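Just data13.cif here, mmCIF, C-alpha atoms:
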```cif
data_input
loop_
_atom_site.group_PDB
_atom_site.id
_atom_site.type_symbol
_atom_site.label_atom_id
_atom_site.label_comp_id
_atom_site.auth_asym_id
_atom_site.auth_seq_id
_atom_site.Cartn_x
_atom_site.Cartn_y
_atom_site.Cartn_z
ATOM 1 C CA MET A 216 -25.233 -2.106 3.562
ATOM 2 C CA SER A 217 -23.152 0.776 2.184
ATOM 3 C CA PHE A 218 -19.370 1.013 2.080
ATOM 4 C CA PHE A 219 -19.326 3.717 4.737
ATOM 5 C CA GLU A 220 -21.457 1.624 7.114
ATOM 6 C CA LEU A 221 -18.904 -1.157 6.757
ATOM 7 C CA GLY A 222 -16.115 1.208 7.706
ATOM 8 C CA SER A 223 -17.657 3.017 10.631
ATOM 9 C CA ALA A 224 -21.106 2.042 11.862
ATOM 10 C CA LYS A 225 -20.555 -1.606 12.692
ATOM 11 C CA LYS A 226 -18.033 -1.825 15.546
ATOM 12 C CA ALA A 227 -17.144 -4.976 17.428
ATOM 13 C CA GLU A 228 -17.393 -5.099 21.191
ATOM 14 C CA ILE A 229 -13.756 -5.741 21.893
ATOM 15 C CA GLU A 230 -12.754 -8.540 24.251
ATOM 16 C CA ASP A 231 -9.627 -8.921 26.375
ATOM 17 C CA ARG A 232 -8.138 -11.899 24.541
ATOM 18 C CA TYR A 233 -8.105 -13.451 21.056
ATOM 19 C CA ASP A 234 -6.239 -16.243 19.329
ATOM 20 C CA ILE A 235 -4.967 -13.938 16.583
ATOM 21 C CA VAL A 236 -4.941 -10.145 16.524
ATOM 22 C CA ILE A 237 -4.565 -8.731 13.016
ATOM 23 C CA ILE A 238 -3.391 -5.127 12.844
ATOM 24 C CA GLY A 239 -4.787 -3.739 9.614
ATOM 25 C CA GLY A 240 -7.943 -4.390 7.615
ATOM 26 C CA GLY A 241 -6.610 -4.361 4.067
ATOM 27 C CA PRO A 242 -6.665 -7.341 1.680
ATOM 28 C CA GLY A 243 -3.953 -9.186 3.605
ATOM 29 C CA GLY A 244 -5.554 -8.676 6.997
ATOM 30 C CA ILE A 245 -9.044 -9.557 5.809
ATOM 31 C CA THR A 246 -7.801 -12.710 4.067
ATOM 32 C CA ALA A 247 -5.901 -13.731 7.198
ATOM 33 C CA SER A 248 -9.046 -13.316 9.295
ATOM 34 C CA ILE A 249 -11.096 -15.566 6.988
ATOM 35 C CA TYR A 250 -8.436 -18.275 7.057
ATOM 36 C CA ALA A 251 -8.277 -17.989 10.841
ATOM 37 C CA MET A 252 -12.030 -18.517 11.173
ATOM 38 C CA GLN A 253 -11.837 -21.502 8.839
ATOM 39 C CA ALA A 254 -9.099 -22.953 11.074
ATOM 40 C CA GLY A 255 -11.405 -22.724 14.073
ATOM 41 C CA LEU A 256 -9.517 -19.810 15.614
ATOM 42 C CA LYS A 257 -10.757 -16.565 17.126
ATOM 43 C CA PRO A 258 -9.343 -13.540 15.236
ATOM 44 C CA LEU A 259 -9.783 -9.802 15.643
ATOM 45 C CA ILE A 260 -9.091 -7.178 12.981
ATOM 46 C CA ILE A 261 -8.025 -3.770 14.275
ATOM 47 C CA GLU A 262 -8.301 -1.112 11.560
ATOM 48 C CA LYS A 263 -7.555 2.556 12.171
ATOM 49 C CA ALA A 264 -9.296 3.944 9.077
ATOM 50 C CA ILE A 265 -11.557 2.126 6.604
ATOM 51 C CA ASP A 266 -11.872 -1.446 5.395
ATOM 52 C CA GLY A 267 -9.617 -2.243 2.467
ATOM 53 C CA GLY A 268 -6.862 0.283 3.182
ATOM 54 C CA GLN A 269 -5.050 1.620 0.108
ATOM 55 C CA MET A 270 -7.394 -0.282 -2.227
ATOM 56 C CA ASN A 271 -9.877 2.515 -1.695
ATOM 57 C CA ASN A 272 -7.544 4.936 -3.514
ATOM 58 C CA THR A 273 -7.513 2.810 -6.681
ATOM 59 C CA GLN A 274 -10.030 3.861 -9.287
ATOM 60 C CA ALA A 275 -10.244 0.428 -10.894
ATOM 61 C CA VAL A 276 -8.614 -2.929 -10.160
ATOM 62 C CA GLU A 277 -8.194 -5.034 -13.284
ATOM 63 C CA ASN A 278 -5.727 -7.698 -12.132
ATOM 64 C CA TRP A 279 -7.770 -9.299 -9.334
ATOM 65 C CA THR A 280 -8.704 -12.731 -10.638
ATOM 66 C CA GLY A 281 -12.400 -13.170 -11.300
ATOM 67 C CA PHE A 282 -13.135 -9.504 -11.982
ATOM 68 C CA THR A 283 -12.441 -7.981 -15.383
ATOM 69 C CA SER A 284 -12.637 -4.614 -13.642
ATOM 70 C CA VAL A 285 -13.768 -3.651 -10.150
ATOM 71 C CA GLY A 286 -13.527 -0.362 -8.286
ATOM 72 C CA GLY A 287 -11.124 -0.284 -5.373
ATOM 73 C CA MET A 288 -13.851 0.799 -2.967
ATOM 74 C CA GLU A 289 -16.209 -1.886 -4.246
ATOM 75 C CA LEU A 290 -13.566 -4.591 -3.841
ATOM 76 C CA SER A 291 -12.866 -3.362 -0.309
ATOM 77 C CA GLU A 292 -16.557 -3.640 0.497
ATOM 78 C CA LYS A 293 -16.828 -7.131 -0.944
ATOM 79 C CA MET A 294 -13.817 -8.334 1.044
ATOM 80 C CA ALA A 295 -15.187 -6.893 4.272
ATOM 81 C CA GLU A 296 -18.611 -8.415 3.614
ATOM 82 C CA HIS A 297 -16.926 -11.793 3.036
ATOM 83 C CA ALA A 298 -15.165 -11.574 6.399
ATOM 84 C CA ARG A 299 -18.321 -10.506 8.214
ATOM 85 C CA ALA A 300 -20.171 -13.450 6.683
ATOM 86 C CA PHE A 301 -17.711 -15.569 8.690
ATOM 87 C CA ASP A 302 -18.444 -13.440 11.785
ATOM 88 C CA VAL A 303 -14.989 -11.864 11.860
ATOM 89 C CA PRO A 304 -15.041 -8.997 14.378
ATOM 90 C CA PHE A 305 -13.677 -5.612 13.256
ATOM 91 C CA PHE A 306 -12.604 -2.974 15.747
ATOM 92 C CA TYR A 307 -11.823 0.570 14.640
ATOM 93 C CA GLY A 308 -8.900 2.066 16.502
ATOM 94 C CA GLU A 309 -5.138 2.486 16.289
ATOM 95 C CA VAL A 310 -2.456 0.253 17.769
ATOM 96 C CA VAL A 311 0.187 2.450 19.390
ATOM 97 C CA ASP A 312 2.333 -0.191 21.089
ATOM 98 C CA VAL A 313 2.870 -3.940 21.301
ATOM 99 C CA GLU A 314 4.078 -6.401 23.932
ATOM 100 C CA LEU A 315 5.873 -9.256 22.194
ATOM 101 C CA GLU A 316 7.825 -11.123 24.849
ATOM 102 C CA GLY A 317 6.617 -14.493 26.063
ATOM 103 C CA PRO A 318 3.999 -16.860 24.636
ATOM 104 C CA GLU A 319 1.187 -14.351 25.171
ATOM 105 C CA LYS A 320 1.469 -11.161 23.148
ATOM 106 C CA ALA A 321 -0.577 -7.984 23.434
ATOM 107 C CA VAL A 322 -1.435 -4.816 21.545
ATOM 108 C CA ILE A 323 -2.089 -1.464 23.185
ATOM 109 C CA LEU A 324 -4.746 0.727 21.565
ATOM 110 C CA ASP A 325 -4.857 4.501 21.400
ATOM 111 C CA ASN A 326 -7.647 4.471 23.971
ATOM 112 C CA GLY A 327 -5.367 2.649 26.423
ATOM 113 C CA ARG A 328 -7.047 -0.715 26.037
ATOM 114 C CA ARG A 329 -4.803 -3.807 26.159
ATOM 115 C CA VAL A 330 -5.778 -6.807 24.023
ATOM 116 C CA ALA A 331 -3.928 -10.100 24.526
ATOM 117 C CA SER A 332 -3.299 -12.664 21.802
ATOM 118 C CA ARG A 333 -1.220 -15.747 21.181
ATOM 119 C CA VAL A 334 -0.386 -14.597 17.645
ATOM 120 C CA ILE A 335 -0.103 -11.117 16.170
ATOM 121 C CA ILE A 336 -0.202 -10.430 12.429
ATOM 122 C CA VAL A 337 0.976 -6.991 11.308
ATOM 123 C CA ALA A 338 -0.848 -5.946 8.138
ATOM 124 C CA THR A 339 -0.516 -2.168 8.358
ATOM 125 C CA GLY A 340 0.611 -1.622 4.755
ATOM 126 C CA SER A 341 2.522 1.353 3.399
ATOM 127 C CA ASN A 342 1.623 4.708 1.936
ATOM 128 C CA PRO A 343 3.070 6.231 -1.235
ATOM 129 C CA ARG A 344 5.143 9.269 -0.398
ATOM 130 C CA SER A 345 3.127 12.245 -1.589
ATOM 131 C CA LEU A 346 4.370 15.426 -3.194
ATOM 132 C CA GLY A 347 2.281 17.543 -0.861
ATOM 133 C CA VAL A 348 1.441 20.132 -3.508
ATOM 134 C CA GLU A 349 -1.722 21.951 -4.499
ATOM 135 C CA GLY A 350 -4.097 19.755 -6.496
ATOM 136 C CA GLU A 351 -2.590 16.408 -5.503
ATOM 137 C CA GLU A 352 -5.403 15.311 -3.207
ATOM 138 C CA ALA A 353 -8.061 16.516 -5.641
ATOM 139 C CA PHE A 354 -6.698 14.504 -8.580
ATOM 140 C CA LYS A 355 -5.750 11.239 -6.873
ATOM 141 C CA GLY A 356 -7.485 8.560 -8.927
ATOM 142 C CA ARG A 357 -8.277 11.172 -11.593
ATOM 143 C CA GLY A 358 -5.009 11.193 -13.449
ATOM 144 C CA ILE A 359 -2.560 10.806 -10.573
ATOM 145 C CA SER A 360 -1.330 7.320 -9.782
ATOM 146 C CA TYR A 361 1.339 5.789 -7.556
ATOM 147 C CA CYS A 362 1.315 2.314 -9.144
ATOM 148 C CA ALA A 363 2.280 1.605 -12.760
ATOM 149 C CA THR A 364 1.197 -2.047 -12.643
ATOM 150 C CA CYS A 365 -2.223 -1.080 -11.292
ATOM 151 C CA ASP A 366 -3.036 1.871 -13.519
ATOM 152 C CA GLY A 367 -0.636 2.059 -16.460
ATOM 153 C CA HIS A 368 -3.102 0.669 -18.991
ATOM 154 C CA PHE A 369 -5.482 3.580 -18.329
ATOM 155 C CA PHE A 370 -2.935 5.870 -20.019
ATOM 156 C CA THR A 371 -2.317 3.958 -23.248
ATOM 157 C CA ASP A 372 -0.964 6.226 -26.012
ATOM 158 C CA LYS A 373 -0.977 9.263 -23.713
ATOM 159 C CA HIS A 374 1.652 11.732 -22.569
ATOM 160 C CA ILE A 375 2.383 11.371 -18.877
ATOM 161 C CA ALA A 376 4.761 12.853 -16.344
ATOM 162 C CA VAL A 377 6.762 10.667 -13.974
ATOM 163 C CA ILE A 378 7.993 12.370 -10.822
ATOM 164 C CA GLY A 379 11.259 10.953 -9.484
ATOM 165 C CA GLY A 380 14.621 9.885 -10.841
ATOM 166 C CA GLY A 381 15.617 6.893 -8.736
ATOM 167 C CA ASN A 382 15.540 3.173 -9.482
ATOM 168 C CA SER A 383 11.833 2.826 -8.745
ATOM 169 C CA ALA A 384 10.877 5.738 -10.980
ATOM 170 C CA LEU A 385 12.885 4.463 -13.934
ATOM 171 C CA ASP A 386 11.927 0.832 -13.457
ATOM 172 C CA GLU A 387 8.252 1.820 -13.463
ATOM 173 C CA SER A 388 8.814 4.133 -16.437
ATOM 174 C CA ILE A 389 10.304 1.256 -18.446
ATOM 175 C CA TYR A 390 7.157 -0.733 -17.713
ATOM 176 C CA LEU A 391 4.944 2.219 -18.663
ATOM 177 C CA SER A 392 6.853 2.787 -21.914
ATOM 178 C CA LYS A 393 5.222 -0.339 -23.349
ATOM 179 C CA MET A 394 1.884 1.478 -23.463
ATOM 180 C CA ILE A 395 2.610 5.196 -23.084
ATOM 181 C CA ARG A 396 3.175 7.515 -26.048
ATOM 182 C CA LYS A 397 5.527 9.891 -24.232
ATOM 183 C CA ILE A 398 7.030 10.147 -20.756
ATOM 184 C CA THR A 399 8.412 13.319 -19.226
ATOM 185 C CA ILE A 400 10.478 12.636 -16.129
ATOM 186 C CA VAL A 401 10.675 15.491 -13.637
ATOM 187 C CA GLN A 402 13.658 15.162 -11.298
ATOM 188 C CA ASN A 403 14.504 17.574 -8.492
ATOM 189 C CA LEU A 404 18.241 16.927 -8.875
ATOM 190 C CA PRO A 405 20.554 17.910 -11.773
ATOM 191 C CA LYS A 406 20.813 14.241 -12.787
ATOM 192 C CA LEU A 407 19.165 10.862 -12.368
ATOM 193 C CA THR A 408 20.093 8.717 -9.364
ATOM 194 C CA ALA A 409 18.934 5.426 -10.907
ATOM 195 C CA ASP A 410 21.369 2.721 -11.990
ATOM 196 C CA LYS A 411 23.022 3.265 -15.362
ATOM 197 C CA LEU A 412 21.490 0.055 -16.735
ATOM 198 C CA LEU A 413 17.979 1.349 -16.045
ATOM 199 C CA GLN A 414 18.819 4.694 -17.607
ATOM 200 C CA ASP A 415 20.056 2.987 -20.754
ATOM 201 C CA LYS A 416 16.972 0.775 -20.987
ATOM 202 C CA LEU A 417 14.614 3.720 -20.624
ATOM 203 C CA ASN A 418 16.499 5.889 -23.100
ATOM 204 C CA ALA A 419 16.412 3.027 -25.607
ATOM 205 C CA THR A 420 12.604 3.248 -25.727
ATOM 206 C CA GLY A 421 12.835 6.610 -27.485
ATOM 207 C CA LYS A 422 9.799 7.808 -25.537
ATOM 208 C CA VAL A 423 11.365 9.773 -22.704
ATOM 209 C CA GLU A 424 12.460 13.334 -22.077
ATOM 210 C CA TYR A 425 13.823 14.858 -18.864
ATOM 211 C CA ILE A 426 13.310 18.007 -16.861
ATOM 212 C CA PHE A 427 16.077 18.295 -14.258
ATOM 213 C CA SER A 428 16.589 20.466 -11.177
ATOM 214 C CA SER A 429 12.842 21.040 -11.058
ATOM 215 C CA VAL A 430 9.938 20.397 -8.715
ATOM 216 C CA VAL A 431 6.182 20.248 -9.156
ATOM 217 C CA GLU A 432 4.499 23.254 -7.585
ATOM 218 C CA SER A 433 0.867 22.479 -8.420
ATOM 219 C CA ILE A 434 -1.389 20.188 -10.431
ATOM 220 C CA GLU A 435 -4.178 21.494 -12.650
ATOM 221 C CA GLY A 436 -7.121 20.008 -14.495
ATOM 222 C CA ASP A 437 -10.877 19.629 -14.719
ATOM 223 C CA THR A 438 -12.287 16.129 -14.306
ATOM 224 C CA GLN A 439 -8.768 14.803 -14.975
ATOM 225 C CA VAL A 440 -5.196 16.048 -14.686
ATOM 226 C CA ARG A 441 -4.366 18.345 -17.584
ATOM 227 C CA ALA A 442 -1.118 20.082 -16.602
ATOM 228 C CA ILE A 443 1.500 20.534 -13.902
ATOM 229 C CA LYS A 444 3.255 23.721 -12.891
ATOM 230 C CA ILE A 445 7.006 23.170 -12.601
ATOM 231 C CA ARG A 446 9.611 25.388 -10.941
ATOM 232 C CA ASN A 447 13.289 25.224 -11.856
ATOM 233 C CA GLN A 448 15.218 25.237 -8.576
ATOM 234 C CA GLU A 449 18.290 26.860 -10.119
ATOM 235 C CA THR A 450 16.635 29.740 -11.980
ATOM 236 C CA GLY A 451 13.316 30.051 -10.149
ATOM 237 C CA GLU A 452 11.524 30.050 -13.509
ATOM 238 C CA THR A 453 8.088 28.408 -13.592
ATOM 239 C CA THR A 454 6.576 26.662 -16.600
ATOM 240 C CA LYS A 455 3.393 24.734 -17.299
ATOM 241 C CA LEU A 456 3.667 21.221 -18.748
ATOM 242 C CA PRO A 457 0.507 19.892 -20.457
ATOM 243 C CA ILE A 458 0.062 16.198 -19.639
ATOM 244 C CA GLU A 459 -2.650 13.538 -19.667
ATOM 245 C CA GLY A 460 -1.589 11.719 -16.530
ATOM 246 C CA MET A 461 0.994 11.634 -13.789
ATOM 247 C CA PHE A 462 2.821 8.944 -11.812
ATOM 248 C CA VAL A 463 4.608 9.733 -8.550
ATOM 249 C CA PHE A 464 7.523 7.470 -7.586
ATOM 250 C CA ILE A 465 9.373 9.200 -4.777
ATOM 251 C CA GLY A 466 9.227 6.322 -2.323
ATOM 252 C CA LEU A 467 6.887 4.487 0.040
ATOM 253 C CA LEU A 468 6.450 4.912 3.753
ATOM 254 C CA PRO A 469 5.760 1.598 5.553
ATOM 255 C CA ASN A 470 3.395 1.963 8.499
ATOM 256 C CA SER A 471 5.797 0.417 10.982
ATOM 257 C CA GLY A 472 6.826 3.313 13.199
ATOM 258 C CA PHE A 473 5.151 1.850 16.289
ATOM 259 C CA LEU A 474 7.318 -1.279 15.901
ATOM 260 C CA LYS A 475 10.771 0.338 16.060
ATOM 261 C CA GLY A 476 12.863 -1.539 18.592
ATOM 262 C CA LYS A 477 10.245 -4.292 18.746
ATOM 263 C CA LEU A 478 10.732 -6.095 15.423
ATOM 264 C CA PRO A 479 13.548 -6.314 12.861
ATOM 265 C CA LEU A 480 13.094 -3.591 10.236
ATOM 266 C CA ASN A 481 15.263 -2.960 7.206
ATOM 267 C CA ARG A 482 16.774 0.469 6.581
ATOM 268 C CA PHE A 483 13.585 1.613 4.852
ATOM 269 C CA GLY A 484 11.328 0.540 7.721
ATOM 270 C CA TYR A 485 9.927 -2.649 6.167
ATOM 271 C CA ILE A 486 9.476 -5.657 8.458
ATOM 272 C CA GLN A 487 11.733 -8.622 7.773
ATOM 273 C CA THR A 488 10.151 -12.087 7.699
ATOM 274 C CA ASP A 489 10.830 -15.625 6.561
ATOM 275 C CA GLY A 490 8.901 -17.462 3.864
ATOM 276 C CA ASN A 491 6.085 -18.216 6.310
ATOM 277 C CA MET A 492 5.670 -14.473 6.962
ATOM 278 C CA GLU A 493 6.991 -14.957 10.501
ATOM 279 C CA THR A 494 9.407 -12.457 12.041
ATOM 280 C CA GLU A 495 12.294 -13.433 14.285
ATOM 281 C CA VAL A 496 9.865 -13.024 17.193
ATOM 282 C CA LYS A 497 7.952 -16.306 17.350
ATOM 283 C CA GLY A 498 4.215 -15.871 16.982
ATOM 284 C CA VAL A 499 4.526 -12.481 15.288
ATOM 285 C CA TYR A 500 3.943 -12.262 11.535
ATOM 286 C CA ALA A 501 4.007 -9.470 8.955
ATOM 287 C CA ILE A 502 2.060 -9.547 5.692
ATOM 288 C CA GLY A 503 1.359 -7.331 2.723
ATOM 289 C CA ASP A 504 2.993 -4.033 1.870
ATOM 290 C CA VAL A 505 4.597 -3.479 5.295
ATOM 291 C CA ARG A 506 6.753 -6.579 4.741
ATOM 292 C CA GLU A 507 10.139 -6.579 2.998
ATOM 293 C CA LYS A 508 9.343 -8.011 -0.444
ATOM 294 C CA GLU A 509 9.666 -7.356 -4.168
ATOM 295 C CA VAL A 510 6.033 -7.296 -5.337
ATOM 296 C CA ARG A 511 3.403 -5.209 -3.549
ATOM 297 C CA GLN A 512 -0.013 -5.984 -5.024
ATOM 298 C CA ILE A 513 -3.478 -6.822 -3.687
ATOM 299 C CA VAL A 514 -3.070 -10.452 -4.709
ATOM 300 C CA THR A 515 0.311 -10.851 -2.977
ATOM 301 C CA ALA A 516 -1.004 -9.249 0.225
ATOM 302 C CA ALA A 517 -3.905 -11.700 0.265
ATOM 303 C CA ALA A 518 -1.517 -14.606 -0.346
ATOM 304 C CA ASP A 519 0.702 -13.434 2.520
ATOM 305 C CA GLY A 520 -2.313 -13.482 4.832
ATOM 306 C CA ALA A 521 -3.226 -17.036 3.886
ATOM 307 C CA ILE A 522 0.361 -18.269 4.333
ATOM 308 C CA ALA A 523 0.774 -16.607 7.731
ATOM 309 C CA VAL A 524 -2.387 -18.122 9.189
ATOM 310 C CA TYR A 525 -1.682 -21.535 7.664
ATOM 311 C CA HIS A 526 1.677 -21.569 9.443
ATOM 312 C CA ALA A 527 0.427 -20.064 12.708
ATOM 313 C CA ALA A 528 -2.499 -22.476 13.008
ATOM 314 C CA ARG A 529 -0.223 -25.489 12.682
ATOM 315 C CA THR A 530 2.599 -24.084 14.816
ATOM 316 C CA TYR A 531 0.846 -22.434 17.753
ATOM 317 C CA PHE A 532 -2.623 -23.994 17.866
ATOM 318 C CA ASP A 533 -2.207 -27.568 16.624
ATOM 319 C CA GLY A 534 -3.671 -29.763 19.340
#
```

In structure tokens, how does this file's structure come out?
Amino acid sequence: MSFFELGSAKKAEIEDRYDIVIIGGGPGGITASIYAMQAGLKPLIIEKAIDGGQMNNTQAVENWTGFTSVGGMELSEKMAEHARAFDVPFFYGEVVDVELEGPEKAVILDNGRRVASRVIIVATGSNPRSLGVEGEEAFKGRGISYCATCDGHFFTDKHIAVIGGGNSALDESIYLSKMIRKITIVQNLPKLTADKLLQDKLNATGKVEYIFSSVVESIEGDTQVRAIKIRNQETGETTKLPIEGMFVFIGLLPNSGFLKGKLPLNRFGYIQTDGNMETEVKGVYAIGDVREKEVRQIVTAAADGAIAVYHAARTYFDG
């Protein structure tokens, strides 16, 4: 069975009621579904796009235990196959609303269908904020990355550009400096907005230079990124910067818009939970990258899914 058959051809006949409805079919959601089946529960995964979520945008995953290196799409396929081996049903659609009051919850799909459940697990993830410039889509996974931990080692001893000047951009740049030959930070403001301590740490590496008051207008290359076109916002002058890779750290967008007013979100839109992944609404959990947390990785999303179901099975289904 091919990856694309997993993501589109095999659709579950949706029922009116499940024990656990999991919104999102990434690593957290898939792991949660497997643990639910093992607990003797009846789960449903609702995925609006393709199995695996953001994993599919990663060229190679080299920090998933048991695989020295595995393609993001291949890992997505293997996870989905694992769930289907346990007869986990997948339904492809989008959740546009939720009903969370009372012991029985429900999700409302974009086709108007209502699906009831005793427990809901939100595993909708987040998306890196994109630049939205020419060439960005074409070179994603071919020199453009949004995750230093995931992809930094692919750029050992190379000259890269980092887009962004906030805490995240500098924190990730400090991590990258351990392997990168040179980092050029492109910031749209006249100065950095990151904490002074981070600025000092990055400057101490001796590997960084800055281009201020400038934005990326386009990205160029062949099979890989080779250069970016930069425009100075004060003078209007455009220049071309030759690079061998590019990291974009201008923020993440959690996929939680449909939950505003329904669940507690922090000021960035991430869902707040306790250590069991449960929100303040009993029977409603959030896992993976949509949850307020420090580390957003495939392995932590999967762990969140296991913890949520472990707690839910013993709290809402025991006996």

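Counting only C-alpha atoms, the residue from A:Gly255, A:Pro318, A:Pro343, A:Gly268 that sits nearest to Ile238 in chain A is A:Gly268.
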
Show me a table, sorted first by chain and then by increasing residue number, of the residues of range 278-319 of chain A having an atom at most 9 Å from range 324-337 of chain A, each with its shortest atom pair and the distance in Å to one decimal, counting all atoms listed in the file and written as a tab-separated table.
```
residue	atom	partner	partner_atom	distance
A:Gly308	CA	A:Leu324	CA	6.7
A:Glu309	CA	A:Asp325	CA	5.5
A:Val310	CA	A:Leu324	CA	4.5
A:Val311	CA	A:Leu324	CA	5.7
A:Asp312	CA	A:Leu324	CA	7.2
A:Val313	CA	A:Leu324	CA	8.9
A:Glu314	CA	A:Ala331	CA	8.8
A:Leu315	CA	A:Ile335	CA	8.7
A:Pro318	CA	A:Arg333	CA	6.4
A:Glu319	CA	A:Arg333	CA	4.9
```

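Of the residues listed (A:Val440, A:Cys365, A:Gln402, A:Lys393), A:Lys393 shows the shortest atom-to-atom separation from Ala419 in chain A; distances use all atoms listed in the file.
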
Please expand the PyMOL selection byres ((chain A and resi 420) around 12) into the concrete residues it hits in this file, giving the result as an mmCIF file with C-alpha atoms, in the coordinates of the input.
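Okay, this is what ended up in result-v9.cif:
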```cif
data_model
loop_
_atom_site.group_PDB
_atom_site.id
_atom_site.type_symbol
_atom_site.label_atom_id
_atom_site.label_comp_id
_atom_site.auth_asym_id
_atom_site.auth_seq_id
_atom_site.Cartn_x
_atom_site.Cartn_y
_atom_site.Cartn_z
ATOM 1 C CA LEU A 385 12.885 4.463 -13.934
ATOM 2 C CA SER A 388 8.814 4.133 -16.437
ATOM 3 C CA ILE A 389 10.304 1.256 -18.446
ATOM 4 C CA TYR A 390 7.157 -0.733 -17.713
ATOM 5 C CA LEU A 391 4.944 2.219 -18.663
ATOM 6 C CA SER A 392 6.853 2.787 -21.914
ATOM 7 C CA LYS A 393 5.222 -0.339 -23.349
ATOM 8 C CA MET A 394 1.884 1.478 -23.463
ATOM 9 C CA ILE A 395 2.610 5.196 -23.084
ATOM 10 C CA ARG A 396 3.175 7.515 -26.048
ATOM 11 C CA LYS A 397 5.527 9.891 -24.232
ATOM 12 C CA ILE A 398 7.030 10.147 -20.756
ATOM 13 C CA LEU A 413 17.979 1.349 -16.045
ATOM 14 C CA GLN A 414 18.819 4.694 -17.607
ATOM 15 C CA ASP A 415 20.056 2.987 -20.754
ATOM 16 C CA LYS A 416 16.972 0.775 -20.987
ATOM 17 C CA LEU A 417 14.614 3.720 -20.624
ATOM 18 C CA ASN A 418 16.499 5.889 -23.100
ATOM 19 C CA ALA A 419 16.412 3.027 -25.607
ATOM 20 C CA GLY A 421 12.835 6.610 -27.485
ATOM 21 C CA LYS A 422 9.799 7.808 -25.537
ATOM 22 C CA VAL A 423 11.365 9.773 -22.704
ATOM 23 C CA GLU A 424 12.460 13.334 -22.077
#
```

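Comparing A:Ala409, A:Gly358, A:Glu387, A:Glu452 by their smallest distance to Asp437 in chain A, the closest is A:Gly358 (using all atoms listed in the file).
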
Self-check item: Å distance separating CA of Leu290 in chain A from CA of Ala501 in chain A, one decimal place
Solution: 22.3 Å

Practice problem: Output the residue selection produced by the PyMOL selection byres ((chain A and resi 506) around 12) on the file above, formatted as a ChimeraX atom specification. | Solution: /A:243,336-341,468-471,478-481,483-494,500-505,507-512,515-516,519-520

Self-check item: Explicit residue set for the PyMOL selection byres ((chain A and resi 260) around 7), as a ChimeraX atom specification
Solution: /A:236-240,258-259,261-262,304-306

Prev. selection, C-alpha atoms, output as a tab-separated table (two decimals), in the frame of the given file:
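Full text of part_35.tsv as output:
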```tsv
chain	number	residue	atom	x	y	z
A	236	VAL	CA	-4.94	-10.14	16.52
A	237	ILE	CA	-4.57	-8.73	13.02
A	238	ILE	CA	-3.39	-5.13	12.84
A	239	GLY	CA	-4.79	-3.74	9.61
A	240	GLY	CA	-7.94	-4.39	7.62
A	258	PRO	CA	-9.34	-13.54	15.24
A	259	LEU	CA	-9.78	-9.80	15.64
A	261	ILE	CA	-8.02	-3.77	14.28
A	262	GLU	CA	-8.30	-1.11	11.56
A	304	PRO	CA	-15.04	-9.00	14.38
A	305	PHE	CA	-13.68	-5.61	13.26
A	306	PHE	CA	-12.60	-2.97	15.75
```

Practice problem: Anything within 12 Å of (-4.0, 21.5, -16.5): list those residues as a list in words, counting all atoms listed in the file and sticking to the file's coordinates. | Solution: Gly350, Phe354, Gly358, Ser433, Ile434, Glu435, Gly436, Asp437, Thr438, Gln439, Val440, Arg441, Ala442, Ile443, Lys444, Ile445, Thr454, Lys455, Leu456, Pro457, Ile458, Glu459, Gly460 and Met461 of chain A

Centre and edge lengths of an axis-aligned box around all listed atoms of range 437-453 of chain A, with 3 Å added on each side, are to be given in Å to one decimal, as JSON.
```
{"center_x": 3.0, "center_y": 22.4, "center_z": -13.1, "size_x": 36.6, "size_y": 21.2, "size_z": 15.0}
```

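Counting from CA of Ala363 in chain A, the distance to CA of Met294 in chain A is 23.4 Å.
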
Self-check item: Polymer residues at most 7 Å from (-13.6, -16.9, 10.6) by only C-alpha atoms, as a PyMOL selection string
Solution: chain A and resi 248-253+298+301-303

Export of the given selection (C-alpha atoms) as a PDB file, keeping the file's coordinate frame:
```
ATOM      1  CA  SER A 248      -9.046 -13.316   9.295  1.00  0.00           C
ATOM      2  CA  ILE A 249     -11.096 -15.566   6.988  1.00  0.00           C
ATOM      3  CA  TYR A 250      -8.436 -18.275   7.057  1.00  0.00           C
ATOM      4  CA  ALA A 251      -8.277 -17.989  10.841  1.00  0.00           C
ATOM      5  CA  MET A 252     -12.030 -18.517  11.173  1.00  0.00           C
ATOM      6  CA  GLN A 253     -11.837 -21.502   8.839  1.00  0.00           C
ATOM      7  CA  ALA A 298     -15.165 -11.574   6.399  1.00  0.00           C
ATOM      8  CA  PHE A 301     -17.711 -15.569   8.690  1.00  0.00           C
ATOM      9  CA  ASP A 302     -18.444 -13.440  11.785  1.00  0.00           C
ATOM     10  CA  VAL A 303     -14.989 -11.864  11.860  1.00  0.00           C
TER      11      VAL A 303
END
```

Quiz item: Hey, can you check how far CA of Gly356 in chain A sits from CA of Ile513 in chain A?
Solution: 16.7 Å

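Shortest atom-to-atom contact with Ile229 in chain A among A:Phe370, A:Tyr307, A:Phe282, A:Phe473: A:Tyr307, counting all atoms listed in the file.
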
Practice problem: Fewer than 2 positions away in the same chain doesn't count, so skip those; otherwise give me all residues within 9 Å of Phe464 in chain A, counting only C-alpha atoms, as a VMD selection string. | Solution: chain A and resid 343 to 345 361 to 362 377 to 381 383 to 385 387 462 466 to 467

Quiz prompt | Which residue of A:Val430, A:Lys411, A:Thr273, A:Asn342 approaches Ala376 in chain A most closely, using all atoms listed in the file | solution = A:Val430
